[in-house]
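J.: Got a structure for you, protein-v8.txt, holding compact mmCIF, C-alpha atoms.
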```txt
# COMPACT_ATOMS: atom_id res chain seq x y z
CA MET A 1 -71.75 -8.02 -118.08
CA LYS A 2 -68.47 -9.87 -117.84
CA LYS A 3 -67.80 -12.05 -120.81
CA ALA A 4 -66.14 -15.41 -120.59
CA LYS A 5 -62.41 -15.23 -121.34
CA THR A 6 -62.85 -17.80 -124.06
CA LYS A 7 -65.74 -18.76 -126.28
CA PRO A 8 -68.35 -20.70 -124.27
CA LYS A 9 -67.84 -24.44 -124.38
CA LEU A 10 -71.21 -25.06 -126.01
CA SER A 11 -72.38 -25.75 -129.52
CA ALA A 12 -75.49 -23.99 -130.80
CA SER A 13 -77.56 -27.11 -130.12
CA GLN A 14 -76.17 -27.33 -126.58
CA PHE A 15 -77.19 -23.70 -126.02
CA ASP A 16 -80.67 -24.72 -127.18
CA SER A 17 -80.61 -27.61 -124.71
CA LEU A 18 -79.49 -25.27 -121.92
CA LEU A 19 -82.32 -22.85 -122.67
CA SER A 20 -84.79 -25.73 -122.91
CA ALA A 21 -83.60 -27.07 -119.55
CA LEU A 22 -84.01 -23.60 -118.03
CA ASP A 23 -87.65 -23.91 -119.10
CA GLU A 24 -88.00 -26.61 -116.42
CA ILE A 25 -87.34 -23.96 -113.79
CA ALA A 26 -89.41 -21.34 -115.63
CA ASP A 27 -92.33 -23.79 -115.56
CA HIS A 28 -92.01 -24.06 -111.79
CA PHE A 29 -92.03 -20.29 -111.42
CA SER A 30 -95.13 -20.06 -113.63
CA TRP A 31 -96.90 -22.59 -111.40
CA VAL A 32 -96.29 -20.38 -108.37
CA GLY A 33 -97.30 -17.17 -110.13
CA PHE A 34 -94.21 -15.73 -111.83
CA SER A 35 -93.67 -15.55 -115.59
CA VAL A 36 -90.48 -15.18 -117.59
CA PRO A 37 -90.74 -12.59 -120.35
CA GLU A 38 -90.43 -13.91 -123.89
CA PRO A 39 -87.69 -12.39 -126.05
CA GLU A 40 -88.77 -10.01 -128.76
CA ALA A 41 -87.48 -10.21 -132.34
CA ASP A 42 -84.33 -8.28 -131.39
CA GLY A 43 -83.54 -10.79 -128.63
CA LYS A 44 -84.44 -8.41 -125.81
CA HIS A 45 -87.41 -8.92 -123.53
CA SER A 46 -90.32 -6.57 -123.09
CA GLY A 47 -89.36 -5.87 -119.48
CA ALA A 48 -92.68 -7.11 -118.14
CA VAL A 49 -91.74 -9.44 -115.34
CA LYS A 50 -94.99 -10.50 -113.76
CA ALA A 51 -95.83 -12.02 -110.42
CA SER A 52 -99.29 -13.24 -109.58
CA GLY A 53 -100.97 -15.87 -107.45
CA ALA A 54 -99.78 -16.43 -103.90
CA GLY A 55 -98.11 -13.26 -102.73
CA GLY A 56 -98.28 -11.54 -106.11
CA ASP A 57 -100.98 -9.42 -107.65
CA GLY A 58 -100.37 -10.00 -111.34
CA GLU A 59 -98.96 -6.55 -111.90
CA GLU A 60 -95.50 -5.68 -113.12
CA ALA A 61 -92.96 -6.34 -110.41
CA ASP A 62 -91.34 -3.15 -109.23
CA ASP A 63 -89.15 -1.96 -106.45
CA SER A 64 -90.84 1.39 -105.91
CA GLY A 65 -89.76 1.40 -102.29
CA ASP A 66 -93.29 1.23 -100.90
CA ASP A 67 -92.42 -0.13 -97.48
CA ASP A 68 -96.06 -0.82 -96.57
CA GLU A 69 -96.42 -3.10 -99.60
CA ASP A 70 -93.21 -4.96 -98.72
CA TYR A 71 -94.46 -5.35 -95.14
CA THR A 72 -97.76 -6.77 -96.43
CA ASP A 73 -96.01 -9.15 -98.82
CA PHE A 74 -93.78 -10.48 -96.07
CA PHE A 75 -96.54 -11.04 -93.55
CA ASP A 76 -99.38 -12.16 -95.81
CA GLY A 77 -98.48 -15.80 -95.22
CA SER A 78 -97.13 -16.39 -98.72
CA SER A 79 -94.34 -18.89 -98.72
CA TYR A 80 -93.10 -21.63 -100.98
CA GLU A 81 -91.71 -25.05 -100.25
CA ARG A 82 -88.00 -25.26 -100.95
CA ALA A 83 -88.40 -28.86 -102.12
CA GLU A 84 -90.45 -27.68 -105.11
CA ILE A 85 -87.69 -25.44 -106.46
CA GLU A 86 -85.14 -28.18 -105.72
CA ILE A 87 -87.15 -30.59 -107.88
CA ALA A 88 -87.24 -28.02 -110.72
CA VAL A 89 -83.46 -27.53 -110.47
CA ASP A 90 -82.90 -31.31 -110.39
CA ASN A 91 -85.04 -31.63 -113.55
CA PHE A 92 -82.93 -28.87 -115.14
CA LEU A 93 -79.73 -30.73 -114.28
CA SER A 94 -81.12 -34.08 -115.46
CA CYS A 95 -82.08 -32.54 -118.82
CA LEU A 96 -78.54 -31.22 -119.24
CA ILE A 97 -77.06 -34.64 -118.47
CA THR A 98 -79.49 -36.38 -120.84
CA ASP A 99 -78.65 -33.90 -123.64
CA ARG A 100 -74.92 -34.29 -122.88
CA VAL A 101 -74.45 -30.62 -122.10
CA ILE A 102 -72.78 -31.61 -118.83
CA PRO A 103 -71.24 -34.98 -118.02
CA LYS A 104 -72.83 -37.43 -115.63
CA ARG A 105 -70.97 -37.32 -112.32
CA LYS A 106 -69.21 -40.46 -111.18
CA SER A 107 -70.05 -39.60 -107.60
CA LYS A 108 -73.62 -39.75 -106.40
CA GLY A 109 -75.83 -36.74 -106.78
CA LEU A 110 -76.17 -33.87 -109.17
CA PRO A 111 -73.89 -30.83 -109.41
CA GLN A 112 -74.94 -27.56 -107.86
CA PHE A 113 -76.91 -25.19 -110.07
CA HIS A 114 -74.17 -22.56 -110.23
CA ALA A 115 -71.52 -25.20 -111.05
CA VAL A 116 -73.14 -25.73 -114.46
CA PHE A 117 -72.64 -22.09 -115.38
CA GLU A 118 -69.19 -21.99 -113.81
CA ARG A 119 -68.15 -24.90 -116.02
CA ILE A 120 -69.56 -23.28 -119.17
CA PHE A 121 -68.83 -19.58 -118.67
CA GLY A 122 -66.20 -19.40 -115.93
CA GLU A 123 -66.09 -18.63 -112.24
CA ASP A 124 -66.30 -14.83 -112.51
CA HIS A 125 -68.91 -14.55 -115.27
CA ASP A 126 -72.08 -12.60 -114.46
CA ILE A 127 -74.22 -15.65 -115.27
CA THR A 128 -72.34 -17.74 -112.71
CA LEU A 129 -72.62 -14.99 -110.10
CA ALA A 130 -76.37 -14.65 -110.77
CA ALA A 131 -76.69 -18.44 -110.37
CA ILE A 132 -74.96 -18.25 -106.98
CA ARG A 133 -77.34 -15.48 -105.87
CA PHE A 134 -80.29 -17.54 -107.17
CA GLU A 135 -79.20 -20.46 -104.97
CA GLU A 136 -78.85 -18.17 -101.96
CA TYR A 137 -82.37 -16.75 -102.39
CA ALA A 138 -83.87 -20.18 -103.08
CA GLU A 139 -82.23 -21.68 -99.99
CA GLY A 140 -85.05 -20.53 -97.77
CA TYR A 141 -85.40 -21.00 -94.06
CA PHE A 142 -86.80 -24.11 -92.39
CA ASP A 143 -87.60 -25.62 -95.79
CA THR A 144 -89.71 -22.63 -96.88
CA ILE A 145 -88.95 -19.66 -99.07
CA SER A 146 -90.60 -16.32 -98.31
CA TYR A 147 -92.35 -14.41 -101.07
CA GLU A 148 -89.61 -11.78 -101.03
CA SER A 149 -86.84 -14.38 -101.41
CA MET A 150 -88.76 -16.18 -104.16
CA ARG A 151 -89.25 -12.89 -105.99
CA ASP A 152 -85.52 -12.18 -105.70
CA ALA A 153 -84.63 -15.71 -106.86
CA PHE A 154 -86.97 -15.20 -109.80
CA GLY A 155 -85.24 -11.91 -110.65
CA GLU A 156 -81.87 -13.68 -110.71
CA PHE A 157 -83.36 -16.48 -112.80
CA VAL A 158 -84.68 -14.02 -115.39
CA GLU A 159 -81.22 -12.43 -115.52
CA ILE A 160 -79.67 -15.86 -116.14
CA VAL A 161 -82.11 -16.70 -118.95
CA GLU A 162 -81.61 -13.35 -120.67
CA ALA A 163 -77.82 -13.58 -120.37
CA VAL A 164 -77.73 -17.13 -121.75
CA ARG A 165 -79.87 -16.00 -124.69
CA GLN A 166 -77.45 -13.13 -125.29
CA GLU A 167 -74.40 -15.40 -125.01
CA LYS A 168 -75.90 -17.74 -127.61
CA LYS A 169 -76.67 -14.81 -129.88
CA SER A 170 -73.10 -13.51 -129.50
CA ALA A 171 -71.49 -16.91 -130.01
CA TYR A 172 -73.74 -17.94 -132.92
CA PRO A 173 -75.12 -14.83 -134.60
CA VAL A 174 -78.02 -15.36 -136.95
CA LYS A 175 -76.98 -14.43 -140.47
CA PRO A 176 -79.51 -12.46 -142.56
```
Hey, can you dump this file as structure tokens for me?
T.:
Amino acid sequence: MKKAKTKPKLSASQFDSLLSALDEIADHFSWVGFSVPEPEADGKHSGAVKASGAGGDGEEADDSGDDDEDYTDFFDGSSYERAEIEIAVDNFLSCLITDRVIPKRKSKGLPQFHAVFERIFGEDHDITLAAIRFEEYAEGYFDTISYESMRDAFGEFVEIVEAVRQEKKSAYPVKP
């Protein structure tokens, strides 16, 4: 993972606010059948990324290359409304503005999702790049997101959450 060239521009409490705001998006994913793994005591996650509900079967997500399963997932009618993920991202951004993690924009509208991470970690940081990929997957087609794209967006989201947790741990290590 690429590290920011300088220490992230966040205090420990702002990192907490960022992680709390990310919970807004995690809540959306849980409503549609995906769950973000909780960190273990060492700060790492158990690796059990689950997908259930529409399009998922509740088992550990894997990319075993089973083309028949991918074909079934794509054509089983599972899709998600893009507006729902947009609302979750808007809630995320609003929480960050309320907690003064990012400034309120003078122009109308909220910043793009990846712009938050670009501002905090830099343009070339892995978190920023994962946020850009998240936006691409969550863009959808004709206001819907296929199961495969939602699964990929979720994978990028999990990567973002884990990396932010690690950045906080690196910037503000817990002393024994």
J.: Compile the contact shell of Gly109 of chain A as number ranges by chain: residues with an atom at most 12 Å away, counting all atoms listed in the file, same-chain residues fewer than 6 positions apart removed.
T.: A: 90, 93-94, 97
J.: Go ahead and dump the residues you just picked, C-alpha atoms, as a compact mmCIF listing (two decimals), in the frame of the given file.
T.:
```txt
# COMPACT_ATOMS: atom_id res chain seq x y z
CA ASP A 90 -82.90 -31.31 -110.39
CA LEU A 93 -79.73 -30.73 -114.28
CA SER A 94 -81.12 -34.08 -115.46
CA ILE A 97 -77.06 -34.64 -118.47
```
J.: Tell me which of A:Ala12, A:Ile132, A:Val164, A:Ile145 sits closest to Ala83 of chain A, counting all atoms listed in the file.
T.: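 Closest candidate: A:Ile145.
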J.: Atom CA of Ile127 of chain A and atom CA of Ile160 of chain A, how far apart in Å?
T.: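 Taking atom CA of Ile160 of chain A and atom CA of Ile127 of chain A, their separation equals 5.5 Å.
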J.: So which residues are close to (-76.1, -24.1, -122.2), meaning at most 8 Å away in the file's coordinates with only C-alpha atoms counted, and can you show them as a ChimeraX atom specification?
T.: /A:10,14-19,101,117,120,164
J.: Could you check how far atom CA of Phe34 of chain A sits from atom CA of Tyr80 of chain A, in Å to one decimal?
T.: 12.4 Å
J.: Assuming 4 Å of padding per side, give the centre and edge lengths of the axis-aligned box around every listed atom of segment 134-144 of chain A, in Å to one decimal and as lines of an AutoDock Vina configuration file.
T.:
```
center_x = -84.3
center_y = -21.2
center_z = -99.8
size_x = 18.9
size_y = 16.9
size_z = 22.8
```
J.: For Phe134 of chain A, please output as a ChimeraX atom specification all residues within 12 Å (counting all atoms listed in the file; exclusion window: fewer than 6 positions along the same chain).
T.: /A:25,85-86,89,112-114,127-128,140,149-161
J.: Determine the nearest neighbour of Leu110 of chain A from the options A:Ser13, A:Ser20, A:Glu123, A:Phe92, counting all atoms listed in the file.
T.: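 Closest candidate: A:Phe92.
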J.: How far is it from atom CA of Lys106 of chain A to atom CA of Asp126 of chain A, in Å with one decimal?
T.: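 About the pair atom CA of Lys106 of chain A and atom CA of Asp126 of chain A: they are 28.2 Å apart.
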J.: Let me make sure I understand: among A:Ser35, A:Ser79, A:Gln166, A:Ser30, which one has the smallest atom-to-atom distance to Glu148 of chain A if we use all atoms listed in the file?
T.: A:Ser79
J.: Model the absent atoms of segment 89-112 of chain A so that N, CA and C atoms are present, and write the result as a short mmCIF file (atom, residue, chain, number, x, y, z; two decimals), keeping the file's coordinate frame.
T.:
```cif
data_model
loop_
_atom_site.label_atom_id
_atom_site.label_comp_id
_atom_site.auth_asym_id
_atom_site.auth_seq_id
_atom_site.Cartn_x
_atom_site.Cartn_y
_atom_site.Cartn_z
N VAL A 89 -84.90 -27.61 -110.18
CA VAL A 89 -83.46 -27.53 -110.47
C VAL A 89 -82.91 -28.91 -110.80
N ASP A 90 -83.34 -29.94 -110.08
CA ASP A 90 -82.90 -31.31 -110.39
C ASP A 90 -83.35 -31.72 -111.79
N ASN A 91 -84.57 -31.34 -112.19
CA ASN A 91 -85.04 -31.63 -113.55
C ASN A 91 -84.18 -30.90 -114.58
N PHE A 92 -83.83 -29.65 -114.28
CA PHE A 92 -82.93 -28.87 -115.14
C PHE A 92 -81.61 -29.60 -115.33
N LEU A 93 -81.02 -30.04 -114.23
CA LEU A 93 -79.73 -30.73 -114.28
C LEU A 93 -79.84 -32.07 -115.02
N SER A 94 -80.91 -32.80 -114.77
CA SER A 94 -81.12 -34.08 -115.46
C SER A 94 -81.25 -33.89 -116.97
N CYS A 95 -81.96 -32.84 -117.38
CA CYS A 95 -82.08 -32.54 -118.82
C CYS A 95 -80.71 -32.27 -119.43
N LEU A 96 -79.87 -31.54 -118.73
CA LEU A 96 -78.54 -31.22 -119.24
C LEU A 96 -77.67 -32.46 -119.35
N ILE A 97 -77.81 -33.38 -118.42
CA ILE A 97 -77.06 -34.64 -118.47
C ILE A 97 -77.58 -35.50 -119.63
N THR A 98 -78.89 -35.59 -119.76
CA THR A 98 -79.49 -36.38 -120.84
C THR A 98 -79.07 -35.85 -122.21
N ASP A 99 -79.03 -34.52 -122.35
CA ASP A 99 -78.65 -33.90 -123.64
C ASP A 99 -77.14 -33.76 -123.80
N ARG A 100 -76.39 -34.30 -122.85
CA ARG A 100 -74.92 -34.29 -122.88
C ARG A 100 -74.31 -32.89 -122.92
N VAL A 101 -74.99 -31.96 -122.25
CA VAL A 101 -74.45 -30.62 -122.10
C VAL A 101 -73.42 -30.63 -120.97
N ILE A 102 -73.72 -31.38 -119.92
CA ILE A 102 -72.78 -31.61 -118.83
C ILE A 102 -72.62 -33.11 -118.66
N PRO A 103 -71.44 -33.54 -118.19
CA PRO A 103 -71.24 -34.98 -118.02
C PRO A 103 -71.94 -35.50 -116.76
N LYS A 104 -72.28 -36.77 -116.81
CA LYS A 104 -72.83 -37.43 -115.63
C LYS A 104 -71.70 -37.56 -114.62
N ARG A 105 -71.99 -37.25 -113.37
CA ARG A 105 -70.97 -37.32 -112.32
C ARG A 105 -70.76 -38.77 -111.91
N LYS A 106 -69.52 -39.11 -111.65
CA LYS A 106 -69.21 -40.46 -111.18
C LYS A 106 -69.65 -40.63 -109.74
N SER A 107 -69.58 -39.54 -108.98
CA SER A 107 -70.05 -39.60 -107.60
C SER A 107 -71.57 -39.47 -107.60
N LYS A 108 -72.17 -39.83 -106.49
CA LYS A 108 -73.62 -39.75 -106.40
C LYS A 108 -74.07 -38.29 -106.36
N GLY A 109 -75.25 -38.07 -106.85
CA GLY A 109 -75.83 -36.74 -106.78
C GLY A 109 -75.58 -35.91 -108.02
N LEU A 110 -76.28 -34.81 -108.06
CA LEU A 110 -76.17 -33.87 -109.17
C LEU A 110 -75.29 -32.70 -108.77
N PRO A 111 -74.71 -32.01 -109.75
CA PRO A 111 -73.89 -30.83 -109.41
C PRO A 111 -74.79 -29.70 -108.90
N GLN A 112 -74.18 -28.72 -108.29
CA GLN A 112 -74.94 -27.56 -107.86
C GLN A 112 -75.32 -26.75 -109.09
#
```
